[in-house]
Structure formats: structure tokens, C-alpha cells
>>> print(open('final36.pdb').read())   # PDB, C-alpha atoms
ATOM      1  CA  MET A 586      52.067  97.209 142.803
ATOM      2  CA  THR A 587      53.921  93.948 142.316
ATOM      3  CA  SER A 588      57.682  93.988 142.428
ATOM      4  CA  ASN A 589      57.748  92.822 138.828
ATOM      5  CA  LYS A 590      55.913  95.844 137.653
ATOM      6  CA  LYS A 591      58.222  98.019 139.658
ATOM      7  CA  ASN A 592      61.247  96.504 137.976
ATOM      8  CA  GLU A 593      59.769  97.042 134.572
ATOM      9  CA  SER A 594      59.034 100.626 135.271
ATOM     10  CA  THR A 595      62.652 101.149 136.346
ATOM     11  CA  GLN A 596      63.925  99.578 133.195
ATOM     12  CA  HIS A 597      61.940 101.795 130.900
ATOM     13  CA  LYS A 598      62.448 104.981 132.794
ATOM     14  CA  ASN A 599      63.146 108.041 130.813
ATOM     15  CA  HIS A 600      64.191 110.056 133.784
ATOM     16  CA  PHE A 601      65.868 109.427 137.147
ATOM     17  CA  ASP A 602      64.492 110.604 140.467
ATOM     18  CA  CYS A 603      66.314 110.944 143.790
ATOM     19  CA  THR A 604      65.795 107.284 144.711
ATOM     20  CA  ASP A 605      67.457 106.212 141.473
ATOM     21  CA  VAL A 606      70.431 108.346 142.358
ATOM     22  CA  GLU A 607      70.747 106.518 145.685
ATOM     23  CA  LYS A 608      70.393 103.227 143.930
ATOM     24  CA  TYR A 609      73.047 103.879 141.317
ATOM     25  CA  VAL A 610      75.463 106.279 142.968
ATOM     26  CA  GLN A 611      78.170 103.728 143.661
ATOM     27  CA  GLN A 612      78.050 102.319 140.168
ATOM     28  CA  TYR A 613      78.039 105.807 138.740
ATOM     29  CA  MET A 614      81.141 106.712 140.686
ATOM     30  CA  ASP A 615      82.849 103.479 139.736
ATOM     31  CA  ASN A 616      82.081 104.342 136.140
ATOM     32  CA  VAL A 617      80.300 101.080 135.405
ATOM     33  CA  LEU A 618      76.825 102.359 134.489
ATOM     34  CA  ASP A 619      75.741 101.818 130.913
ATOM     35  CA  GLU A 620      75.533 104.898 128.686
ATOM     36  CA  GLU A 621      71.797 105.332 129.077
ATOM     37  CA  LYS A 622      71.764 105.156 132.875
ATOM     38  CA  LYS A 623      74.812 107.367 133.079
ATOM     39  CA  ARG A 624      73.041 109.989 130.968
ATOM     40  CA  LEU A 625      69.893 109.806 133.116
ATOM     41  CA  PHE A 626      71.980 110.014 136.287
ATOM     42  CA  GLU A 627      73.841 113.091 135.106
ATOM     43  CA  GLU A 628      70.673 114.689 133.883
ATOM     44  CA  HIS A 629      69.169 114.344 137.332
ATOM     45  CA  ILE A 630      72.094 115.710 139.328
ATOM     46  CA  GLU A 631      72.349 118.601 136.939
ATOM     47  CA  TYR A 632      69.048 120.040 138.098
ATOM     48  CA  CYS A 633      68.752 118.466 141.565
ATOM     49  CA  LEU A 634      71.076 120.391 143.845
ATOM     50  CA  PRO A 635      70.633 118.168 146.959
ATOM     51  CA  CYS A 636      71.581 115.063 144.970
ATOM     52  CA  ASP A 637      74.453 116.836 143.306
ATOM     53  CA  LYS A 638      75.804 117.816 146.715
ATOM     54  CA  LYS A 639      75.500 114.267 148.000
ATOM     55  CA  VAL A 640      77.294 112.793 145.031
ATOM     56  CA  GLU A 641      80.052 115.379 145.324
ATOM     57  CA  PHE A 642      80.399 114.632 149.040
ATOM     58  CA  GLU A 643      80.605 110.933 148.279
ATOM     59  CA  ARG A 644      83.413 111.595 145.822
ATOM     60  CA  GLN A 645      85.349 113.525 148.440
ATOM     61  CA  PHE A 646      84.648 110.899 151.043
ATOM     62  CA  ARG A 647      86.282 108.257 148.897
ATOM     63  CA  GLU A 648      89.205 110.462 148.048
ATOM     64  CA  ILE A 649      89.842 111.157 151.723
ATOM     65  CA  ILE A 650      89.683 107.474 152.621
ATOM     66  CA  ARG A 651      92.173 106.751 149.875
ATOM     67  CA  LEU A 652      94.579 109.511 150.847
ATOM     68  CA  LYS A 653      94.428 108.849 154.559
ATOM     69  CA  THR A 654      94.889 105.108 154.130
ATOM     70  CA  LYS A 655      97.878 105.610 151.840
ATOM     71  CA  ARG A 656      99.367 108.136 154.198
ATOM     72  CA  LEU A 657      99.402 105.633 157.053
ATOM     73  CA  VAL A 658     102.432 103.995 155.486
ATOM     74  CA  PRO A 659     104.936 106.571 154.282
ATOM     75  CA  ALA A 660     106.690 104.986 151.329
ATOM     76  CA  GLU A 661     110.103 106.557 152.039
ATOM     77  CA  GLN A 662     110.245 105.033 155.470
ATOM     78  CA  ILE A 663     109.540 101.474 154.552
ATOM     79  CA  ASN A 664     111.109 101.155 151.128
ATOM     80  CA  GLN A 665     114.395  99.845 152.449
ATOM     81  CA  LYS A 666     112.670  97.474 154.820
ATOM     82  CA  LEU A 667     110.594  96.015 152.010
ATOM     83  CA  LYS A 668     113.626  95.612 149.790
ATOM     84  CA  ASN A 669     115.284  93.659 152.574
ATOM     85  CA  LEU A 670     112.202  91.487 152.887
ATOM     86  CA  LEU A 671     112.520  90.756 149.204
ATOM     87  CA  LYS A 672     116.189  89.859 149.518
ATOM     88  CA  ASN A 673     115.354  87.356 152.251
ATOM     89  CA  ILE A 674     113.347  85.168 149.929
ATOM     90  CA  TYR A 675     116.215  84.511 147.503
TER
ATOM     91  CA  MET B  73     124.183  64.312 125.080
ATOM     92  CA  ILE B  74     125.671  67.274 126.910
ATOM     93  CA  ILE B  75     127.529  66.641 130.097
ATOM     94  CA  PHE B  76     128.437  69.607 132.220
ATOM     95  CA  CYS B  77     131.317  69.238 134.514
ATOM     96  CA  SER B  78     130.132  69.977 138.027
ATOM     97  CA  ASN B  79     131.696  73.415 138.260
ATOM     98  CA  ASN B  80     130.071  74.650 135.088
ATOM     99  CA  SER B  81     126.718  73.279 136.065
ATOM    100  CA  GLU B  82     126.784  75.046 139.401
ATOM    101  CA  GLU B  83     127.736  78.229 137.676
ATOM    102  CA  TYR B  84     124.897  77.781 135.225
ATOM    103  CA  VAL B  85     122.373  77.388 138.033
ATOM    104  CA  LEU B  86     123.773  80.435 139.771
ATOM    105  CA  VAL B  87     123.517  82.568 136.673
ATOM    106  CA  GLU B  88     119.973  81.370 136.017
ATOM    107  CA  ASN B  89     118.972  82.133 139.590
ATOM    108  CA  ARG B  90     120.439  85.605 139.354
ATOM    109  CA  LYS B  91     118.493  86.187 136.183
ATOM    110  CA  LYS B  92     115.273  85.032 137.785
ATOM    111  CA  GLN B  93     115.865  87.204 140.845
ATOM    112  CA  THR B  94     116.532  90.265 138.757
ATOM    113  CA  GLU B  95     113.437  89.616 136.687
ATOM    114  CA  PHE B  96     111.284  89.124 139.772
ATOM    115  CA  SER B  97     112.660  92.189 141.557
ATOM    116  CA  LYS B  98     111.940  94.313 138.528
ATOM    117  CA  LEU B  99     108.359  93.067 138.373
ATOM    118  CA  ILE B 100     107.633  93.278 142.072
ATOM    119  CA  GLU B 101     109.306  96.453 143.253
ATOM    120  CA  PRO B 102     106.711  98.922 141.952
ATOM    121  CA  HIS B 103     104.034  97.033 143.934
ATOM    122  CA  LEU B 104     105.811  96.432 147.234
ATOM    123  CA  THR B 105     104.363  99.413 149.056
ATOM    124  CA  SER B 106     100.817  98.660 147.901
ATOM    125  CA  LEU B 107     101.173  95.026 148.894
ATOM    126  CA  TYR B 108     102.532  95.945 152.281
ATOM    127  CA  ASN B 109      99.829  98.532 152.806
ATOM    128  CA  THR B 110      97.126  95.981 152.027
ATOM    129  CA  ALA B 111      98.811  93.336 154.183
ATOM    130  CA  LEU B 112      98.964  95.797 157.042
ATOM    131  CA  ARG B 113      95.289  96.710 156.824
ATOM    132  CA  MET B 114      94.338  93.034 156.589
ATOM    133  CA  THR B 115      96.474  91.699 159.451
ATOM    134  CA  ARG B 116      96.193  94.901 161.478
ATOM    135  CA  ASN B 117      99.768  94.797 162.729
ATOM    136  CA  GLN B 118     103.227  95.365 161.366
ATOM    137  CA  HIS B 119     104.766  92.095 162.414
ATOM    138  CA  ASP B 120     102.056  89.916 160.841
ATOM    139  CA  ALA B 121     101.969  92.130 157.777
ATOM    140  CA  GLU B 122     105.679  91.583 157.199
ATOM    141  CA  ASP B 123     105.255  87.831 157.634
ATOM    142  CA  LEU B 124     102.332  87.783 155.258
ATOM    143  CA  LEU B 125     104.191  89.818 152.688
ATOM    144  CA  GLN B 126     107.300  87.700 152.946
ATOM    145  CA  ASP B 127     105.338  84.450 152.555
ATOM    146  CA  SER B 128     103.520  85.890 149.568
ATOM    147  CA  LEU B 129     106.735  87.059 147.927
ATOM    148  CA  TYR B 130     108.268  83.661 148.482
ATOM    149  CA  LYS B 131     105.300  81.889 146.892
ATOM    150  CA  ALA B 132     105.207  84.299 143.999
ATOM    151  CA  TYR B 133     108.893  83.858 143.324
ATOM    152  CA  ARG B 134     108.589  80.073 143.387
ATOM    153  CA  SER B 135     105.675  80.116 141.005
ATOM    154  CA  LEU B 136     106.939  82.828 138.725
ATOM    155  CA  ASP B 137     106.913  80.338 135.837
ATOM    156  CA  GLN B 138     103.135  80.202 136.128
ATOM    157  CA  PHE B 139     102.805  83.903 135.556
ATOM    158  CA  LYS B 140     102.030  84.523 131.908
ATOM    159  CA  LYS B 141     104.129  87.309 130.494
ATOM    160  CA  ASP B 142     102.285  90.470 129.482
ATOM    161  CA  THR B 143      99.250  89.636 131.591
ATOM    162  CA  ASN B 144      98.239  91.543 134.704
ATOM    163  CA  PHE B 145     101.127  91.085 137.127
ATOM    164  CA  ARG B 146      99.612  93.396 139.724
ATOM    165  CA  ALA B 147      96.405  91.335 139.886
ATOM    166  CA  TRP B 148      98.437  88.124 139.921
ATOM    167  CA  ILE B 149     100.583  89.136 142.872
ATOM    168  CA  PHE B 150      97.614  90.503 144.814
ATOM    169  CA  ARG B 151      95.833  87.226 144.265
ATOM    170  CA  ILE B 152      98.754  85.425 145.871
ATOM    171  CA  LEU B 153      98.695  87.856 148.789
ATOM    172  CA  VAL B 154      94.961  87.302 149.321
ATOM    173  CA  ASN B 155      95.291  83.513 149.133
ATOM    174  CA  THR B 156      98.184  83.537 151.548
ATOM    175  CA  PHE B 157      96.202  85.716 153.918
ATOM    176  CA  ILE B 158      93.150  83.460 153.793
ATOM    177  CA  THR B 159      95.229  80.321 154.304
ATOM    178  CA  ALA B 160      97.079  81.792 157.267
ATOM    179  CA  TYR B 161      93.989  83.251 158.872
ATOM    180  CA  ARG B 162      91.570  80.528 157.828
ATOM    181  CA  LYS B 163      90.330  79.997 161.323
ATOM    182  CA  ALA B 164      89.865  83.644 162.085
ATOM    183  CA  VAL B 165      88.176  84.489 158.803
ATOM    184  CA  LYS B 166      85.717  81.631 159.021
ATOM    185  CA  GLN B 167      84.174  82.933 162.191
ATOM    186  CA  PRO B 168      80.720  84.184 161.400
ATOM    187  CA  GLN B 169      80.409  87.895 161.861
ATOM    188  CA  LYS B 170      77.254  89.352 163.172
ATOM    189  CA  ILE B 171      76.462  92.526 161.374
ATOM    190  CA  SER B 172      73.186  94.202 160.951
ATOM    191  CA  TYR B 173      72.664  95.473 157.445
ATOM    192  CA  ASP B 174      69.302  96.933 158.279
ATOM    193  CA  ASP B 175      70.295 100.530 158.596
ATOM    194  CA  LEU B 176      72.822 100.534 155.811
ATOM    195  CA  GLU B 177      71.743 103.306 153.563
ATOM    196  CA  GLU B 178      73.393 105.231 150.806
ATOM    197  CA  PHE B 179      74.850 108.655 151.663
ATOM    198  CA  PHE B 180      74.868 107.578 155.322
ATOM    199  CA  PHE B 181      77.553 110.002 156.441
ATOM    200  CA  PHE B 182      76.167 112.941 154.506
ATOM    201  CA  LYS B 183      72.692 112.413 155.863
ATOM    202  CA  ARG B 184      73.866 112.147 159.466
ATOM    203  CA  LEU B 185      75.903 115.321 159.107
ATOM    204  CA  ASP B 186      72.892 116.974 157.608
ATOM    205  CA  GLU B 187      70.753 116.006 160.593
ATOM    206  CA  THR B 188      73.224 117.228 163.157
ATOM    207  CA  ALA B 189      72.353 120.692 164.285
ATOM    208  CA  SER B 190      75.789 121.420 165.780
ATOM    209  CA  LEU B 191      77.351 120.927 162.356
ATOM    210  CA  GLN B 192      74.969 123.051 160.372
ATOM    211  CA  GLU B 193      77.405 125.905 159.989
ATOM    212  CA  MET B 194      80.390 123.786 159.089
ATOM    213  CA  PRO B 195      81.058 122.744 155.509
ATOM    214  CA  LYS B 196      80.707 118.976 155.356
ATOM    215  CA  GLU B 197      83.942 118.616 153.444
ATOM    216  CA  GLU B 198      85.817 120.326 156.216
ATOM    217  CA  PHE B 199      84.500 117.771 158.642
ATOM    218  CA  LEU B 200      85.933 114.995 156.498
ATOM    219  CA  GLU B 201      89.325 116.663 156.258
ATOM    220  CA  ASN B 202      89.448 116.924 160.030
ATOM    221  CA  LEU B 203      89.078 113.227 160.636
ATOM    222  CA  PHE B 204      92.317 111.713 161.806
ATOM    223  CA  ASP B 205      94.181 109.164 159.735
ATOM    224  CA  ASP B 206      93.854 106.879 162.714
ATOM    225  CA  ASP B 207      90.060 107.161 162.697
ATOM    226  CA  VAL B 208      90.032 106.000 159.109
ATOM    227  CA  LYS B 209      92.466 103.231 159.943
ATOM    228  CA  GLU B 210      90.377 101.987 162.846
ATOM    229  CA  ALA B 211      87.112 102.143 160.945
ATOM    230  CA  LEU B 212      88.673 100.247 158.055
ATOM    231  CA  GLU B 213      90.234  97.646 160.288
ATOM    232  CA  ASN B 214      86.954  97.012 162.009
ATOM    233  CA  LEU B 215      85.242  96.081 158.772
ATOM    234  CA  PRO B 216      84.759  92.322 158.461
ATOM    235  CA  TYR B 217      87.641  91.084 156.335
ATOM    236  CA  GLN B 218      85.576  90.207 153.245
ATOM    237  CA  PHE B 219      84.344  93.766 153.031
ATOM    238  CA  ARG B 220      87.627  95.316 154.049
ATOM    239  CA  LEU B 221      89.422  93.445 151.308
ATOM    240  CA  VAL B 222      87.229  94.597 148.426
ATOM    241  CA  VAL B 223      87.069  98.176 149.690
ATOM    242  CA  LEU B 224      90.862  98.293 149.930
ATOM    243  CA  LEU B 225      91.328  96.722 146.525
ATOM    244  CA  CYS B 226      88.853  99.025 144.807
ATOM    245  CA  ASP B 227      89.012 102.329 146.637
ATOM    246  CA  VAL B 228      92.603 102.384 147.806
ATOM    247  CA  GLU B 229      94.424 100.293 145.203
ATOM    248  CA  GLY B 230      92.192 101.188 142.282
ATOM    249  CA  PHE B 231      91.466  97.717 140.931
ATOM    250  CA  SER B 232      88.457  97.239 138.655
ATOM    251  CA  TYR B 233      85.518  94.956 139.540
ATOM    252  CA  ASN B 234      86.835  92.348 137.129
ATOM    253  CA  GLU B 235      90.321  92.415 138.545
ATOM    254  CA  ILE B 236      88.939  92.060 142.070
ATOM    255  CA  ALA B 237      86.798  89.104 141.000
ATOM    256  CA  GLU B 238      89.982  87.507 139.729
ATOM    257  CA  ILE B 239      91.996  88.388 142.834
ATOM    258  CA  ILE B 240      89.508  87.098 145.386
ATOM    259  CA  ASP B 241      88.231  84.340 143.115
ATOM    260  CA  ALA B 242      84.569  85.289 143.411
ATOM    261  CA  PRO B 243      81.807  86.121 140.931
ATOM    262  CA  LEU B 244      81.346  89.716 139.883
ATOM    263  CA  GLY B 245      78.028  89.954 141.722
ATOM    264  CA  THR B 246      79.694  89.011 144.994
ATOM    265  CA  VAL B 247      82.386  91.620 144.459
ATOM    266  CA  MET B 248      79.796  94.299 143.839
ATOM    267  CA  SER B 249      77.573  93.469 146.795
ATOM    268  CA  ARG B 250      80.531  93.265 149.201
ATOM    269  CA  LEU B 251      81.940  96.493 147.893
ATOM    270  CA  TYR B 252      78.675  98.429 148.158
ATOM    271  CA  ARG B 253      77.948  97.082 151.619
ATOM    272  CA  GLY B 254      81.530  97.537 152.744
ATOM    273  CA  ARG B 255      81.540 101.197 151.795
ATOM    274  CA  LYS B 256      78.274 101.821 153.572
ATOM    275  CA  LEU B 257      79.510  99.988 156.666
ATOM    276  CA  LEU B 258      82.681 102.028 156.599
ATOM    277  CA  GLN B 259      80.660 105.218 156.647
ATOM    278  CA  ARG B 260      78.683 103.958 159.600
ATOM    279  CA  TYR B 261      81.815 102.972 161.529
ATOM    280  CA  LEU B 262      83.483 106.247 160.784
ATOM    281  CA  TRP B 263      80.427 108.069 161.977
ATOM    282  CA  ASP B 264      80.528 106.063 165.201
ATOM    283  CA  TYR B 265      84.173 107.019 165.695
ATOM    284  CA  ALA B 266      83.483 110.643 165.065
ATOM    285  CA  LYS B 267      80.819 110.496 167.746
ATOM    286  CA  LYS B 268      82.967 108.549 170.169
ATOM    287  CA  ARG B 269      85.805 111.027 169.843
ATOM    288  CA  GLY B 270      83.487 113.894 170.455
ATOM    289  CA  TYR B 271      83.660 115.514 167.020
ATOM    290  CA  ILE B 272      79.940 115.273 167.031
ATOM    291  CA  THR B 273      77.726 116.100 169.912
ATOM    292  CA  ASP B 274      74.458 114.262 169.841
ATOM    293  CA  ASP B 275      72.553 117.277 168.829
ATOM    294  CA  PHE B 276      70.218 116.154 166.125
ATOM    295  CA  LYS B 277      67.603 118.030 164.262
ATOM    296  CA  GLN B 278      64.148 116.559 164.448
ATOM    297  CA  LYS B 279      63.612 114.361 161.440
ATOM    298  CA  LYS B 280      60.643 115.471 159.456
TER
END
>>> encode(input="final36.pdb", output="C-alpha cells")
Amino acid sequence: MTSNKKNESTQHKNHFDCTDVEKYVQQYMDNVLDEEKKRLFEEHIEYCLPCDKKVEFERQFREIIRLKTKRLVPAEQINQKLKNLLKNIY
Amino acid sequence: MIIFCSNNSEEYVLVENRKKQTEFSKLIEPHLTSLYNTALRMTRNQHDAEDLLQDSLYKAYRSLDQFKKDTNFRAWIFRILVNTFITAYRKAVKQPQKISYDDLEEFFFFKRLDETASLQEMPKEEFLENLFDDDVKEALENLPYQFRLVVLLCDVEGFSYNEIAEIIDAPLGTVMSRLYRGRKLLQRYLWDYAKKRGYITDDFKQKK
């Protein structure tokens, strides 16, 4: 199969398989998939438990990265310091 | 023609400066922590982060006239931070980084957990919760800066692809490919840390 043909077949897909989920998971989670792909993606994870679990894990992974990174700098502790920094530039 | 006597003119300048400072403080204060956080993850140490932030604030204040009212101040100020970072670390950031992208796959962390026999009984989410903040910090800080930057901007600061393209002055496609690779790399690094710290014993299931 040529790669061209492969691309075409992806474009006209009327269902997503597990490889499509891998391909589009980041865009799905960033909410940038077009309506059609989003529908196909959700349709797939609705009946495919392994994919659903992976996507859910991915969501939690990101959330934990976000929380842990934010927590590294406790806002209360540095607020005053940052305000002083700001004063220095005037 | 209006001629100010010197006293009045000085007073006028003072009042105008005050006004500008108040305006700038009001705009910037809600973003200080985010800016500092990003500066800290980019420079990797407190001292440099404070320098970077101070330089950026100074530049932003000086060029406040160029900021168009009612446009995206947050993106504008982050753009200044990123430019200041790149200028200051030009030498360091230009060094080519050798990374292998070969084994970068989607769901990397999930799949490795799945293959690890010693973790079969443990809910995968629990494993994530148990990672230390410092593991995340180290993994993030080890990402090459181009990747680290977009991951921080998107996943920690919540900027959209378009905003990031504006902030780092790169095409949308570049933003997306760095972001997707950066996230996958981060999972790989974090996995390596987990192994190094002994959270994971090398007890893998046979791959079918």
C-alpha cells in the first residue's frame, strides 16, 4: 500500500481504531480536533475499554504534572518577594 | 506655546510616572507567580529566575506603550519573558541536543506500567500520585528547553496553541510537534526517574 492511499483511507474513515486513538489523543485532549474526528474518537473510547483507560490515565497524568509543578512554588511564600522585584524596576 | 516652570514640569513627570507604575502593577500582578514559576523552570535556579523575571519586568514596563489595550496582556508579557530568556541564554540554547525520538510513543508511561509485573496490583493512578514533586521538577528541567517551554506554556499555564505560537514566535505546526514530542519525552524521563529511585523494580512481563 502506498502512503498516499493510506492517508486517503484515514481521511474518509467512518470509524476510529486503536491506532487512531494513539494518533489523535493529544489533540483530543487539547480540544483541537474537528467535530467529525472528535465524534469518531469518542465513539471508539466508548466501546474500547483499554483505550478509554489509557485516555483517562493520560488526563490524570497531565493534571498531576500541572499540580505538582505549580506546587513547587507556593504563592504565599513568594508574593512579597515578587512585589519587591517589581518595585525595583521603577 | 505652553511653558512649564521647572517645578511644575518635574511634578508633571512624577505624576505621569506614578500613573504608569500603577497601571503596570495592576496589569502585571495577577501574572507574577506564573511568570516566576516559568522563569524558574526555564533557568532551573532561583537566582537566575529572579534576574530573568526582573529583566523581563523592566523591559515590559519600558515598552508598555507598545502593548495594545484590550489585547492579550498575559501572552504579551510571556512573550517578553521568553525573548529575554533566549537572549540571555543564547549560547546555551543554541547547543545542539542529542535526543533519540525513536522510542517516543504515545501512552508511554501507561504502557510501561502495564508491562511491569510488580505493579500489576497497584492502580496506575496511585502510582502517579506517589511521584514526588521533585521527580516531576527534575524530569521537566531535563527536557531540552524548546520542549520544556511549550509543555510549560500549554500544560501548566494553560495557553492555547495560537497563543504559544505568538509567544515563542513560531508557526503553529512547530508548536504542535514540540508539544507532542515534549510530552512524550517527559513521560520517558519520568519513567526513568521512577526506575532510578526504585519505585519500579525491573520486573517486566514478557511482551507478547
>>> resolve_selection(input="final36.pdb", expression="the PyMOL selection byres ((chain B) within 8 of (chain A))", output="PyMOL selection string")
chain B and resi 93+97+101+104-105+109+122+126+129-130+178-179+182+196-197+200-201+205+208-209+227-228+252
>>> closest_residue(input="final36.pdb", among="B:Met114, B:Leu257, B:Ile240, B:Val223", to="Asn155 (chain B)", atoms="only C-alpha atoms")
B:Ile240
>>> atom_distance(input="final36.pdb", atom1="CA of Lys623 (chain A)", atom2="CA of Phe219 (chain B)")
26.0 Å
>>> closest_residue(input="final36.pdb", among="A:Leu634, A:Leu618, A:His629, A:Gln662", to="Asp605 (chain A)", atoms="all atoms listed in the file")
A:His629
>>> closest_residue(input="final36.pdb", among="B:Tyr84, B:Trp148, B:Tyr161, B:Tyr233", to="Ala121 (chain B)", atoms="all atoms listed in the file")
B:Tyr161
>>> atom_distance(input="final36.pdb", atom1="CA of Tyr261 (chain B)", atom2="CA of Ile239 (chain B)")
25.8 Å
>>> atom_distance(input="final36.pdb", atom1="CA of Tyr173 (chain B)", atom2="CA of Arg253 (chain B)")
8.0 Å
>>> resolve_selection(input="final36.pdb", expression="the PyMOL selection byres ((chain B and resi 271) around 12)", output="PyMOL selection string")
chain B and resi 185+188+190-191+194+199-200+202-204+207+262-270+272-275
>>> closest_residue(input="final36.pdb", among="A:Lys598, A:Arg644, A:Glu620, A:Cys603", to="Tyr632 (chain A)", atoms="all atoms listed in the file")
A:Cys603
>>> resolve_selection(input="final36.pdb", expression="the PyMOL selection byres ((chain B and resi 156) around 10)", output="NGL selection string")
:B and (124-125 or 127-129 or 131 or 150-155 or 157-162)
